[in-house]
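Visitor: Structure file run_24.txt, compact mmCIF, C-alpha atoms, is pasted below:
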# COMPACT_ATOMS: atom_id res chain seq x y z
CA MET A 1 0.00 0.00 0.00
CA THR A 2 1.45 3.34 -1.04
CA GLU A 3 -0.47 6.59 -0.75
CA SER A 4 -0.12 9.36 -3.30
CA THR A 5 1.14 12.86 -2.57
CA LEU A 6 -0.91 14.28 -5.45
CA ASN A 7 -3.92 16.47 -4.71
CA PRO A 8 -6.98 15.75 -6.91
CA GLU A 9 -7.60 19.51 -7.00
CA THR A 10 -4.47 19.86 -9.13
CA ALA A 11 -5.49 17.27 -11.75
CA VAL A 12 -5.39 18.61 -15.32
CA PHE A 13 -8.13 16.15 -16.35
CA ARG A 14 -10.93 14.40 -14.44
CA GLU A 15 -13.75 12.24 -15.73
CA VAL A 16 -16.15 9.69 -14.27
CA ILE A 17 -16.54 6.55 -16.41
CA PRO A 18 -19.92 4.87 -15.83
CA ALA A 19 -19.97 1.07 -15.70
CA GLY A 20 -20.21 -0.40 -19.20
CA ASP A 21 -18.58 2.62 -20.90
CA TRP A 22 -15.17 2.90 -22.54
CA TRP A 23 -12.65 5.74 -22.22
CA VAL A 24 -9.64 6.41 -24.42
CA HIS A 25 -7.14 9.16 -23.63
CA GLU A 26 -3.51 10.03 -24.29
CA ILE A 27 -1.19 10.26 -21.28
CA LYS A 28 2.04 12.14 -22.02
CA LYS A 29 5.43 10.94 -20.80
CA GLY A 30 5.89 12.14 -17.22
CA GLN A 31 2.16 12.59 -16.56
CA THR A 32 0.47 10.48 -13.89
CA LEU A 33 -2.82 8.64 -14.33
CA ARG A 34 -4.97 7.88 -11.30
CA ILE A 35 -7.87 5.42 -11.46
CA LEU A 36 -10.23 5.73 -8.51
CA ASP A 37 -12.64 2.99 -7.46
CA LEU A 38 -15.54 5.24 -6.41
CA GLU A 39 -17.90 2.70 -4.87
CA GLY A 40 -15.61 -0.32 -4.39
CA ASN A 41 -14.97 -3.71 -6.01
CA GLN A 42 -15.16 -2.39 -9.57
CA ALA A 43 -12.92 -3.97 -12.20
CA ALA A 44 -11.37 -1.36 -14.51
CA ASP A 45 -10.20 -3.34 -17.57
CA THR A 46 -7.27 -1.38 -18.95
CA LEU A 47 -5.02 -1.51 -22.02
CA PHE A 48 -2.14 0.76 -23.00
CA PHE A 49 -0.61 1.46 -26.40
CA SER A 50 2.42 3.48 -27.43
CA ALA A 51 0.88 6.73 -28.72
CA ALA A 52 3.45 6.80 -31.52
CA ASP A 53 3.02 3.19 -32.67
CA PRO A 54 -0.09 1.21 -31.72
CA THR A 55 1.59 -2.08 -32.65
CA GLU A 56 3.57 -1.56 -29.43
CA ARG A 57 1.07 -2.32 -26.69
CA TYR A 58 0.75 -3.56 -23.14
CA SER A 59 1.96 -7.14 -22.67
CA ALA A 60 0.68 -9.14 -19.71
CA ASP A 61 3.29 -11.86 -20.21
CA ARG A 62 6.22 -9.42 -20.48
CA THR A 63 5.00 -7.63 -17.37
CA ILE A 64 4.80 -10.91 -15.44
CA GLN A 65 8.19 -12.02 -16.82
CA GLU A 66 9.90 -8.69 -15.97
CA GLN A 67 8.79 -8.80 -12.33
CA ALA A 68 8.71 -12.63 -12.00
CA ALA A 69 5.44 -11.89 -10.22
CA LEU A 70 1.74 -12.24 -11.01
CA TYR A 71 0.14 -9.29 -9.25
CA LEU A 72 0.61 -5.62 -10.05
CA THR A 73 1.25 -3.03 -7.33
CA THR A 74 3.50 -0.06 -6.48
CA GLY A 75 6.81 -0.39 -8.33
CA THR A 76 5.48 -2.69 -11.06
CA ARG A 77 6.68 -1.67 -14.51
CA LEU A 78 3.93 -2.16 -17.06
CA MET A 79 5.82 -3.58 -20.02
CA SER A 80 5.14 -3.40 -23.73
CA THR A 81 5.29 -6.07 -26.38
CA GLU A 82 8.62 -4.51 -27.44
CA GLY A 83 10.10 -4.91 -23.97
CA ASN A 84 9.83 -1.23 -22.97
CA ALA A 85 8.24 0.18 -19.82
CA LEU A 86 4.99 1.95 -20.74
CA LEU A 87 4.21 3.15 -17.21
CA THR A 88 5.31 2.49 -13.63
CA ILE A 89 2.84 2.12 -10.77
CA THR A 90 3.70 4.83 -8.23
CA ALA A 91 0.87 4.59 -5.70
CA ASP A 92 -1.67 1.92 -4.81
CA THR A 93 -4.12 1.85 -1.92
CA CYS A 94 -5.71 -1.42 -3.07
CA GLY A 95 -2.56 -3.55 -2.90
CA ARG A 96 -3.00 -6.03 -5.71
CA HIS A 97 -4.26 -5.91 -9.29
CA ASP A 98 -4.76 -8.70 -11.81
CA THR A 99 -3.35 -9.26 -15.28
CA LEU A 100 -4.19 -12.96 -15.76
CA GLY A 101 -7.96 -12.71 -16.03
CA GLY A 102 -8.24 -10.79 -19.30
CA ALA A 103 -11.45 -9.14 -20.37
CA CYS A 104 -14.92 -10.59 -20.63
CA SER A 105 -16.37 -11.00 -24.10
CA ARG A 106 -19.84 -12.01 -25.25
CA GLU A 107 -18.25 -15.14 -26.73
CA SER A 108 -16.41 -16.15 -23.57
CA ASN A 109 -19.56 -15.45 -21.53
CA THR A 110 -21.24 -18.31 -23.42
CA MET A 111 -18.38 -20.62 -22.48
CA ARG A 112 -18.12 -19.48 -18.86
CA TYR A 113 -21.74 -19.06 -17.81
CA ALA A 114 -24.45 -20.10 -20.26
CA HIS A 115 -25.23 -19.75 -23.96
CA ASP A 116 -27.98 -17.24 -23.24
CA THR A 117 -25.49 -14.74 -21.72
CA GLU A 118 -24.29 -13.98 -25.27
CA CYS A 119 -26.57 -10.94 -25.38
CA MET A 120 -25.01 -9.32 -22.30
CA HIS A 121 -22.68 -6.33 -22.68
CA ALA A 122 -19.01 -7.23 -22.29
CA CYS A 123 -15.62 -5.51 -22.05
CA ARG A 124 -14.29 -6.63 -25.42
CA ASP A 125 -17.08 -4.81 -27.23
CA SER A 126 -16.17 -1.64 -25.32
CA PHE A 127 -12.47 -2.15 -26.12
CA ILE A 128 -13.25 -2.56 -29.83
CA ARG A 129 -15.27 0.67 -29.98
CA GLY A 130 -12.82 2.68 -27.89
CA ALA A 131 -9.84 1.47 -29.94
CA GLN A 132 -11.61 2.33 -33.20
CA GLU A 133 -12.43 5.84 -31.97
CA TRP A 134 -8.75 6.46 -31.26
CA ASN A 135 -7.39 4.85 -34.42
CA ILE A 136 -9.66 3.37 -37.08
CA GLU A 137 -6.89 0.96 -38.15
CA LEU A 138 -7.21 -0.95 -34.89
CA ASN A 139 -9.28 -4.13 -34.57
CA LYS A 140 -9.59 -7.26 -32.45
CA ARG A 141 -5.99 -8.29 -33.30
CA ASP A 142 -4.75 -5.25 -31.40
CA LEU A 143 -6.42 -6.29 -28.16
CA GLY A 144 -4.08 -8.41 -26.08
CA PRO A 145 -4.73 -9.51 -22.50
CA ASN A 146 -5.32 -6.46 -20.32
CA ILE A 147 -4.90 -5.28 -16.74
CA ASN A 148 -7.84 -5.61 -14.36
CA PHE A 149 -7.32 -2.86 -11.84
CA PHE A 150 -9.06 -3.56 -8.51
CA MET A 151 -9.73 -7.20 -9.46
CA ASN A 152 -8.62 -10.12 -7.28
CA VAL A 153 -7.62 -13.36 -9.03
CA PRO A 154 -5.66 -15.35 -6.45
CA VAL A 155 -3.38 -18.20 -7.56
CA THR A 156 -2.35 -20.82 -5.03
CA PRO A 157 1.06 -22.55 -4.88
CA ASP A 158 -0.57 -25.76 -6.18
CA GLY A 159 -1.89 -23.91 -9.24
CA GLN A 160 -5.54 -23.23 -8.46
CA LEU A 161 -6.98 -19.99 -9.82
CA SER A 162 -10.23 -18.33 -8.83
CA PHE A 163 -12.16 -15.09 -9.17
CA ALA A 164 -12.50 -14.00 -5.59
CA ASP A 165 -14.46 -11.19 -4.01
CA GLY A 166 -12.69 -7.94 -4.56
CA ILE A 167 -10.16 -6.58 -2.10
CA SER A 168 -10.87 -3.04 -3.20
CA ALA A 169 -13.21 -0.63 -1.41
CA PRO A 170 -14.76 2.80 -2.01
CA GLY A 171 -12.07 5.45 -2.48
CA ARG A 172 -9.19 3.10 -3.22
CA TYR A 173 -7.00 4.13 -6.14
CA VAL A 174 -3.95 3.23 -8.19
CA GLU A 175 -1.57 5.69 -9.81
CA MET A 176 0.95 5.21 -12.57
CA ARG A 177 3.52 7.46 -14.24
CA ALA A 178 3.86 7.30 -18.01
CA GLU A 179 7.38 6.38 -19.15
CA MET A 180 6.53 7.25 -22.77
CA ASP A 181 3.56 8.89 -24.51
CA VAL A 182 0.82 6.28 -24.16
CA VAL A 183 -2.83 5.91 -25.01
CA CYS A 184 -4.95 4.44 -22.22
CA LEU A 185 -8.07 2.45 -23.15
CA ILE A 186 -10.40 1.53 -20.29
CA SER A 187 -13.52 -0.61 -20.34
CA ASN A 188 -15.31 -0.09 -17.05
CA CYS A 189 -16.46 -3.68 -16.69
CA PRO A 190 -20.20 -4.44 -17.11
CA GLN A 191 -19.94 -8.11 -16.00
CA LEU A 192 -22.94 -9.28 -13.93
CA ASN A 193 -22.18 -13.02 -13.85
CA ASN A 194 -19.30 -13.16 -11.38
CA PRO A 195 -18.08 -11.26 -8.30
CA CYS A 196 -15.41 -9.21 -10.14
CA ASN A 197 -17.65 -6.12 -9.76
CA GLY A 198 -19.26 -7.21 -6.50
CA TRP A 199 -22.31 -8.24 -8.63
CA ASN A 200 -23.03 -4.52 -9.11
CA PRO A 201 -20.96 -2.60 -11.71
CA THR A 202 -20.29 0.98 -10.59
CA PRO A 203 -18.42 4.06 -11.92
CA VAL A 204 -14.69 4.73 -11.68
CA GLU A 205 -13.02 8.12 -11.93
CA VAL A 206 -9.87 8.86 -13.91
CA MET A 207 -7.55 11.79 -13.21
CA VAL A 208 -4.44 12.94 -15.04
CA PHE A 209 -1.74 14.96 -13.25
CA MET B 210 -5.60 -45.18 -42.56
CA THR B 211 -6.38 -46.14 -38.98
CA PRO B 212 -7.23 -43.53 -36.35
CA ASN B 213 -3.71 -43.79 -34.93
CA SER B 214 -1.68 -43.73 -38.16
CA LEU B 215 1.51 -41.73 -37.94
CA LEU B 216 1.22 -39.03 -40.60
CA HIS B 217 4.34 -37.00 -40.04
CA GLU B 218 7.45 -37.14 -37.89
CA ARG B 219 10.40 -34.81 -37.41
CA THR B 220 12.95 -33.75 -34.81
CA LEU B 221 13.05 -30.11 -33.83
CA HIS B 222 16.56 -29.01 -33.04
CA GLY B 223 17.25 -26.96 -29.95
CA ALA B 224 16.15 -23.35 -30.45
CA GLY B 225 14.42 -24.46 -33.63
CA MET B 226 11.03 -23.42 -34.97
CA TRP B 227 8.15 -24.90 -36.95
CA SER B 228 4.67 -24.01 -38.12
CA ALA B 229 1.90 -25.92 -39.87
CA VAL B 230 -1.86 -26.19 -40.19
CA ILE B 231 -3.19 -29.31 -38.51
CA SER B 232 -6.79 -30.17 -39.17
CA ARG B 233 -9.56 -31.06 -36.75
CA GLY B 234 -9.26 -34.44 -35.04
CA LYS B 235 -5.55 -34.94 -35.74
CA ARG B 236 -3.19 -35.28 -32.81
CA LEU B 237 0.21 -33.66 -32.25
CA ARG B 238 2.61 -35.46 -29.93
CA LEU B 239 5.70 -33.66 -28.66
CA THR B 240 8.41 -35.65 -26.85
CA ASP B 241 11.22 -34.13 -24.79
CA ILE B 242 14.25 -36.09 -26.02
CA ASP B 243 16.97 -34.68 -23.75
CA GLY B 244 14.96 -33.59 -20.68
CA GLY B 245 14.41 -29.98 -19.64
CA ALA B 246 12.91 -28.95 -22.99
CA ASN B 247 10.61 -25.97 -23.50
CA VAL B 248 8.22 -25.61 -26.41
CA GLY B 249 6.81 -22.13 -26.91
CA MET B 250 3.50 -22.54 -28.75
CA LEU B 251 0.94 -20.21 -30.33
CA LEU B 252 -2.34 -21.38 -31.92
CA TYR B 253 -4.68 -19.68 -34.41
CA ASN B 254 -7.83 -20.73 -36.21
CA ALA B 255 -6.39 -21.80 -39.59
CA LEU B 256 -9.14 -20.06 -41.56
CA GLU B 257 -9.83 -17.07 -39.29
CA HIS B 258 -6.41 -15.98 -38.11
CA THR B 259 -7.89 -13.31 -35.80
CA GLU B 260 -9.25 -16.13 -33.66
CA ARG B 261 -6.37 -17.23 -31.48
CA TYR B 262 -5.26 -18.95 -28.31
CA ASN B 263 -6.40 -16.99 -25.29
CA MET B 264 -4.45 -17.45 -22.07
CA PRO B 265 -6.97 -15.65 -19.81
CA ASP B 266 -10.01 -17.54 -21.11
CA THR B 267 -8.12 -20.85 -20.93
CA LEU B 268 -7.22 -20.22 -17.29
CA LYS B 269 -10.38 -18.59 -15.95
CA GLY B 270 -12.67 -20.84 -18.00
CA GLN B 271 -11.19 -23.90 -16.31
CA HIS B 272 -10.15 -22.37 -12.95
CA ILE B 273 -6.52 -23.37 -13.44
CA PHE B 274 -3.15 -21.60 -13.46
CA TYR B 275 -1.33 -24.17 -15.62
CA LEU B 276 -2.15 -26.74 -18.28
CA ARG B 277 -2.23 -30.52 -18.07
CA ALA B 278 -4.38 -33.37 -19.36
CA PRO B 279 -7.35 -33.41 -19.81
CA TYR B 280 -7.72 -29.60 -19.94
CA CYS B 281 -8.32 -27.63 -23.14
CA LEU B 282 -6.77 -24.71 -24.96
CA HIS B 283 -9.46 -22.07 -25.52
CA SER B 284 -9.64 -19.41 -28.21
CA ASP B 285 -10.79 -15.83 -27.69
CA MET B 286 -14.10 -16.68 -29.43
CA GLY B 287 -15.52 -19.01 -26.79
CA ARG B 288 -14.35 -22.13 -28.65
CA LEU B 289 -11.80 -24.90 -28.16
CA LEU B 290 -8.66 -24.98 -30.29
CA ALA B 291 -7.21 -28.17 -28.80
CA SER B 292 -7.50 -30.63 -25.95
CA ILE B 293 -4.60 -32.16 -24.01
CA THR B 294 -5.31 -35.87 -24.36
CA THR B 295 -2.12 -37.42 -23.00
CA ASP B 296 0.49 -35.83 -20.77
CA SER B 297 3.31 -37.40 -18.76
CA VAL B 298 4.57 -34.00 -17.55
CA GLY B 299 1.59 -32.71 -15.56
CA TRP B 300 2.33 -28.97 -15.55
CA HIS B 301 2.81 -26.63 -18.51
CA ASP B 302 3.25 -22.87 -18.07
CA THR B 303 1.28 -20.29 -20.03
CA VAL B 304 1.81 -16.98 -18.20
CA CYS B 305 5.52 -16.16 -18.63
CA GLY B 306 5.72 -15.44 -22.37
CA HIS B 307 8.90 -15.91 -24.38
CA SER B 308 12.47 -14.63 -24.52
CA ASP B 309 13.64 -11.84 -26.80
CA ALA B 310 17.05 -10.87 -28.20
CA ALA B 311 17.87 -8.44 -25.37
CA ARG B 312 17.02 -10.99 -22.68
CA VAL B 313 19.04 -13.75 -24.34
CA LEU B 314 22.03 -11.45 -24.81
CA ALA B 315 21.91 -10.25 -21.20
CA LYS B 316 21.56 -13.76 -19.84
CA TYR B 317 23.90 -15.81 -22.02
CA GLY B 318 26.24 -13.25 -23.60
CA GLU B 319 27.08 -12.70 -27.23
CA ASN B 320 26.85 -15.76 -29.45
CA ASN B 321 25.94 -14.64 -32.95
CA TYR B 322 25.74 -16.50 -36.23
CA GLN B 323 29.10 -15.10 -37.41
CA GLN B 324 30.82 -16.71 -34.44
CA SER B 325 28.95 -19.94 -34.10
CA ARG B 326 27.07 -20.65 -37.32
CA ASN B 327 23.96 -22.69 -36.49
CA ASP B 328 24.92 -23.11 -32.85
CA TRP B 329 24.10 -19.43 -32.31
CA ASN B 330 21.63 -18.18 -29.71
CA ARG B 331 18.16 -17.70 -31.08
CA ASN B 332 15.29 -16.25 -29.03
CA GLY B 333 11.59 -17.05 -28.76
CA ARG B 334 10.30 -13.73 -30.08
CA ASP B 335 12.35 -13.83 -33.28
CA CYS B 336 11.32 -17.44 -33.89
CA PHE B 337 7.63 -16.62 -33.42
CA LEU B 338 7.80 -13.54 -35.67
CA ILE B 339 9.64 -15.46 -38.42
CA GLU B 340 7.11 -18.30 -38.53
CA LEU B 341 4.09 -15.99 -38.11
CA ALA B 342 5.23 -13.94 -41.12
CA LYS B 343 4.98 -17.03 -43.32
CA TRP B 344 1.21 -17.03 -42.69
CA GLY B 345 0.73 -13.30 -43.13
CA LEU B 346 0.80 -12.65 -39.37
CA GLY B 347 3.04 -10.37 -37.35
CA LYS B 348 3.56 -8.36 -34.20
CA LYS B 349 -0.16 -7.74 -33.68
CA ASP B 350 -0.61 -11.50 -33.41
CA LEU B 351 2.01 -12.05 -30.71
CA ILE B 352 0.08 -12.96 -27.59
CA PRO B 353 0.84 -14.90 -24.40
CA ASN B 354 2.01 -18.34 -25.50
CA LEU B 355 2.18 -21.78 -24.00
CA ASN B 356 5.48 -23.01 -22.59
CA LEU B 357 5.04 -26.76 -22.83
CA PHE B 358 7.22 -28.90 -20.52
CA SER B 359 7.99 -25.93 -18.23
CA LYS B 360 6.74 -25.45 -14.68
CA VAL B 361 6.56 -22.10 -12.92
CA VAL B 362 4.91 -21.88 -9.50
CA SER B 363 3.54 -18.92 -7.59
CA ASP B 364 3.74 -18.33 -3.85
CA ASP B 365 0.82 -16.73 -2.02
CA ALA B 366 2.20 -13.26 -2.74
CA GLY B 367 2.37 -13.99 -6.48
CA HIS B 368 6.16 -14.34 -6.74
CA LEU B 369 7.13 -16.85 -9.42
CA SER B 370 9.77 -19.58 -9.35
CA PHE B 371 10.93 -21.73 -12.25
CA VAL B 372 11.10 -25.43 -11.34
CA ALA B 373 14.27 -26.96 -12.80
CA ASP B 374 14.47 -30.54 -14.12
CA HIS B 375 10.69 -30.71 -14.37
CA SER B 376 10.45 -32.57 -17.69
CA LYS B 377 12.43 -35.80 -18.02
CA PRO B 378 13.90 -37.44 -21.13
CA GLY B 379 11.05 -39.23 -22.88
CA ASP B 380 8.26 -37.12 -21.35
CA SER B 381 5.55 -36.24 -23.84
CA ILE B 382 2.32 -34.33 -24.34
CA GLU B 383 -0.35 -34.95 -26.94
CA LEU B 384 -2.87 -32.41 -28.25
CA ARG B 385 -6.00 -33.19 -30.24
CA PHE B 386 -7.12 -30.29 -32.41
CA GLU B 387 -10.80 -29.41 -32.14
CA ILE B 388 -10.76 -26.93 -35.04
CA ASP B 389 -8.42 -26.59 -38.06
CA THR B 390 -5.48 -24.90 -36.34
CA LEU B 391 -2.35 -23.03 -37.33
CA VAL B 392 0.36 -24.20 -34.93
CA VAL B 393 3.44 -22.00 -34.47
CA LEU B 394 6.15 -23.24 -32.14
CA ASN B 395 9.79 -23.00 -31.16
CA THR B 396 12.12 -24.85 -28.81
CA CYS B 397 13.86 -21.86 -27.19
CA GLN B 398 14.48 -21.97 -23.46
CA HIS B 399 11.88 -20.69 -21.03
CA PRO B 400 12.37 -16.97 -20.27
CA LEU B 401 12.59 -17.58 -16.50
CA ASP B 402 14.91 -20.62 -16.73
CA PRO B 403 17.81 -19.52 -14.47
CA ASP B 404 20.26 -21.96 -16.09
CA PRO B 405 23.21 -19.72 -17.13
CA VAL B 406 24.07 -22.04 -20.03
CA TYR B 407 22.24 -21.72 -23.36
CA ARG B 408 20.91 -25.23 -24.05
CA HIS B 409 19.90 -26.70 -27.40
CA ARG B 410 17.37 -29.33 -26.39
CA HIS B 411 15.75 -31.55 -28.99
CA VAL B 412 12.07 -32.29 -29.27
CA LYS B 413 10.46 -35.04 -31.34
CA LEU B 414 7.30 -34.03 -33.15
CA GLU B 415 4.73 -36.51 -34.48
CA VAL B 416 1.30 -35.97 -36.01
CA PHE B 417 -1.26 -38.78 -35.92
CA ALA B 418 -4.58 -39.28 -37.63
CA GLY B 419 -7.56 -39.10 -35.31
CA GLU B 420 -11.21 -38.32 -34.79
CA PRO B 421 -13.13 -35.55 -33.02
CA PRO B 422 -14.04 -36.44 -29.43
CA ALA B 423 -17.21 -38.10 -28.18
CA LEU B 424 -19.33 -36.13 -25.72
CA ASP B 425 -18.02 -38.22 -22.80
CA ASP B 426 -14.40 -37.37 -23.63
CA PRO B 427 -12.49 -36.42 -20.43
CA SER B 428 -11.44 -33.08 -21.96
CA LEU B 429 -15.09 -32.11 -22.48
CA THR B 430 -16.41 -33.42 -19.16
CA VAL B 431 -13.67 -32.04 -16.90
CA ARG B 432 -15.45 -28.65 -16.85
CA PRO B 433 -18.95 -27.63 -17.99
CA GLU B 434 -17.26 -24.61 -19.62
CA ASN B 435 -15.42 -26.98 -21.98
CA LEU B 436 -18.63 -28.65 -23.07
CA ARG B 437 -20.25 -25.28 -23.80
CA ALA B 438 -17.15 -24.22 -25.76
CA TRP B 439 -17.38 -27.51 -27.68
CA GLU B 440 -21.00 -26.69 -28.51
CA ASN B 441 -19.75 -23.37 -29.91
CA ASN B 442 -17.27 -25.36 -32.05
CA GLN B 443 -20.14 -27.49 -33.33
CA THR B 444 -22.10 -24.39 -34.32
CA TYR B 445 -19.03 -22.97 -36.07
CA HIS B 446 -18.46 -26.17 -38.02
CA THR B 447 -22.13 -26.55 -38.94
CA LEU B 448 -22.29 -23.02 -40.33
CA ARG B 449 -18.81 -22.92 -41.92
CA PHE B 450 -18.57 -26.26 -43.74
Please lay out the structure from this file as structure tokens.

Guide:
Amino acid sequence: MTESTLNPETAVFREVIPAGDWWVHEIKKGQTLRILDLEGNQAADTLFFSAADPTERYSADRTIQEQAALYLTTGTRLMSTEGNALLTITADTCGRHDTLGGACSRESNTMRYAHDTECMHACRDSFIRGAQEWNIELNKRDLGPNINFFMNVPVTPDGQLSFADGISAPGRYVEMRAEMDVVCLISNCPQLNNPCNGWNPTPVEVMVF
Amino acid sequence: MTPNSLLHERTLHGAGMWSAVISRGKRLRLTDIDGGANVGMLLYNALEHTERYNMPDTLKGQHIFYLRAPYCLHSDMGRLLASITTDSVGWHDTVCGHSDAARVLAKYGENNYQQSRNDWNRNGRDCFLIELAKWGLGKKDLIPNLNLFSKVVSDDAGHLSFVADHSKPGDSIELRFEIDTLVVLNTCQHPLDPDPVYRHRHVKLEVFAGEPPALDDPSLTVRPENLRAWENNQTYHTLRF
């Protein structure tokens, strides 16, 4: 747990993202992005791209490999597919964030829950629309496994994996400093079929300093 | 041709690479000849290359952190690409990715082609990109891969450790493809293998004829998610062919 010294009053950008919406925004090198879990236990599915070259994007496996660790927290370098640090986490009052669980999709909902969940809104659809609005060249191929801020996916030493109740709470936040100009794409998760949003998707707030 | 006919056989040299389309029902057996092998593997729908292996869906869909028989390899479209039918290893990593040139150089030192000819140090990323390019794919298609034969464990805090000497000489794994699949693989060392020596470990590759599974197949019954994914495969095949 590391608290921030930044005052929200000094943010150069603030926006509340309702559950089920996407948000895409450029973060300049040296700027800090804060994501705030307003009501608690809300998964903020997040991808990053190099602003200069969208083929360089966040890599879950490179990030895990770089740290030799599964969970993201203060000090974690969020790595790109080219082996560069995109951002570094500088403050975290939640303590642990996931990058194994990926995003929900309407297709994976049918596999995970039931065929009739195919009609339910899912993160991948938000990612697709947000990515297209930033750069029309982008499509499903550009969407690799993401970060799930505020989501708890514990792995045991014997290799069990589960989606547990969140460890986040109202007012918890995570902050990260951009190490290059990046574009942040968030899908504020609409999932209703598992506890990743506490069964009740709620808004998150983003701030840029 | 009987269901178990051997269709193709080859030996992959250490730090070698290979790619091919293997159709539905056929089985791919990989055997660790020397012990301690690692096979980095990526899978794509052979006809729809944007459908690809999905590490998160494979793990969360089956509530597992690693692969073993009889679990399945899921695509990002709610379908099965392959099932692990036979496995003498018991633990295969899929979260640590692959090595790149900078990592191999930092870990093992300079050993280029000029110096060493074909005993040079290749890396997983270059091997993947080279084989992907032959199918019209590239950097956008590089995603978290499988590391067959390699075991990496997590402690309760999420710190990872590579387990040395996990796979023994003669250990093997067999995959049955549930959809026509583009298989892209290489035999470069695991990125977290702390061994300071660059090893060229050989892997035997065999492809056998086979049939799609019955509904009581262990890979389909191990999780209800796998059966629903299989039903999605059936819909795909009914509409596509």

Visitor: So, with all atoms listed in the file as the atoms that count, which of A:Gly40, A:Pro145, A:Gly20, A:Gly75 lies closest to A:Leu192?

Guide: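 Selected residue with least distance to A:Leu192: A:Gly20.
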
Visitor: Using only C-alpha atoms and a distance of at most 9 Å, pull out the residues of chain B that contact chain A, as a PyMOL selection string.

Guide: chain B and resi 259-260+263-266+268-275+284-288+303-307+309+311+348-354+362-370+400-401+433-441

Visitor: Rounded to one decimal place, report the atom CA of A:Trp23-atom CA of A:Leu185 distance in Å.

Guide: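 We find that atom CA of A:Trp23 and atom CA of A:Leu185 lie 5.7 Å from each other.
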
Visitor: Which polymer residues have any atom within 12 Å of an atom of B:Asn327, counting all atoms listed in the file, with same-chain residues fewer than 3 positions away left out, as number ranges by chain?

Guide: B: 222-225, 320-324, 330-331, 409

Visitor: Neighbouring residues of B:His301 were defined as those with any atom within 12 Å, considering all atoms listed in the file; residues of the same chain fewer than 6 positions away were excluded. Please report them as a PyMOL selection string.

Guide: (chain A and resi 159) or (chain B and resi 246-250+268+273-278+280+282+293+354-362+371-372+375-376+381-382+399)

Visitor: Filtering to C-alpha atoms, could you give me those residues as an mmCIF file, in the coordinates of the input?

Guide:
data_model
loop_
_atom_site.group_PDB
_atom_site.id
_atom_site.type_symbol
_atom_site.label_atom_id
_atom_site.label_comp_id
_atom_site.auth_asym_id
_atom_site.auth_seq_id
_atom_site.Cartn_x
_atom_site.Cartn_y
_atom_site.Cartn_z
ATOM 1 C CA GLY A 159 -1.890 -23.910 -9.240
ATOM 2 C CA ALA B 246 12.910 -28.950 -22.990
ATOM 3 C CA ASN B 247 10.610 -25.970 -23.500
ATOM 4 C CA VAL B 248 8.220 -25.610 -26.410
ATOM 5 C CA GLY B 249 6.810 -22.130 -26.910
ATOM 6 C CA MET B 250 3.500 -22.540 -28.750
ATOM 7 C CA LEU B 268 -7.220 -20.220 -17.290
ATOM 8 C CA ILE B 273 -6.520 -23.370 -13.440
ATOM 9 C CA PHE B 274 -3.150 -21.600 -13.460
ATOM 10 C CA TYR B 275 -1.330 -24.170 -15.620
ATOM 11 C CA LEU B 276 -2.150 -26.740 -18.280
ATOM 12 C CA ARG B 277 -2.230 -30.520 -18.070
ATOM 13 C CA ALA B 278 -4.380 -33.370 -19.360
ATOM 14 C CA TYR B 280 -7.720 -29.600 -19.940
ATOM 15 C CA LEU B 282 -6.770 -24.710 -24.960
ATOM 16 C CA ILE B 293 -4.600 -32.160 -24.010
ATOM 17 C CA ASN B 354 2.010 -18.340 -25.500
ATOM 18 C CA LEU B 355 2.180 -21.780 -24.000
ATOM 19 C CA ASN B 356 5.480 -23.010 -22.590
ATOM 20 C CA LEU B 357 5.040 -26.760 -22.830
ATOM 21 C CA PHE B 358 7.220 -28.900 -20.520
ATOM 22 C CA SER B 359 7.990 -25.930 -18.230
ATOM 23 C CA LYS B 360 6.740 -25.450 -14.680
ATOM 24 C CA VAL B 361 6.560 -22.100 -12.920
ATOM 25 C CA VAL B 362 4.910 -21.880 -9.500
ATOM 26 C CA PHE B 371 10.930 -21.730 -12.250
ATOM 27 C CA VAL B 372 11.100 -25.430 -11.340
ATOM 28 C CA HIS B 375 10.690 -30.710 -14.370
ATOM 29 C CA SER B 376 10.450 -32.570 -17.690
ATOM 30 C CA SER B 381 5.550 -36.240 -23.840
ATOM 31 C CA ILE B 382 2.320 -34.330 -24.340
ATOM 32 C CA HIS B 399 11.880 -20.690 -21.030
#

Visitor: One number please: atom CA of A:Arg14 to atom CA of A:Val206, in Å, one decimal.

Guide: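 Rounded to one decimal, the two atoms are 5.7 Å apart.
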
Visitor: Record the distance separating atom CA of B:Thr294 and atom CA of B:Val412, expressed in Å with one decimal.

Guide: 18.4 Å

Visitor: Name the closest residue to B:His217 among the candidates B:Leu290, B:Cys281, B:Val416, B:Leu251; distances are taken between atoms, counting all atoms listed in the file.

Guide: B:Val416

Visitor: Taking (8.3, -15.0, -38.0) in the file's coordinates as the center, which residues reach within 12 Å of it, counting only C-alpha atoms, put as a ChimeraX atom specification?

Guide: /B:226-228,251,332-351,393-395
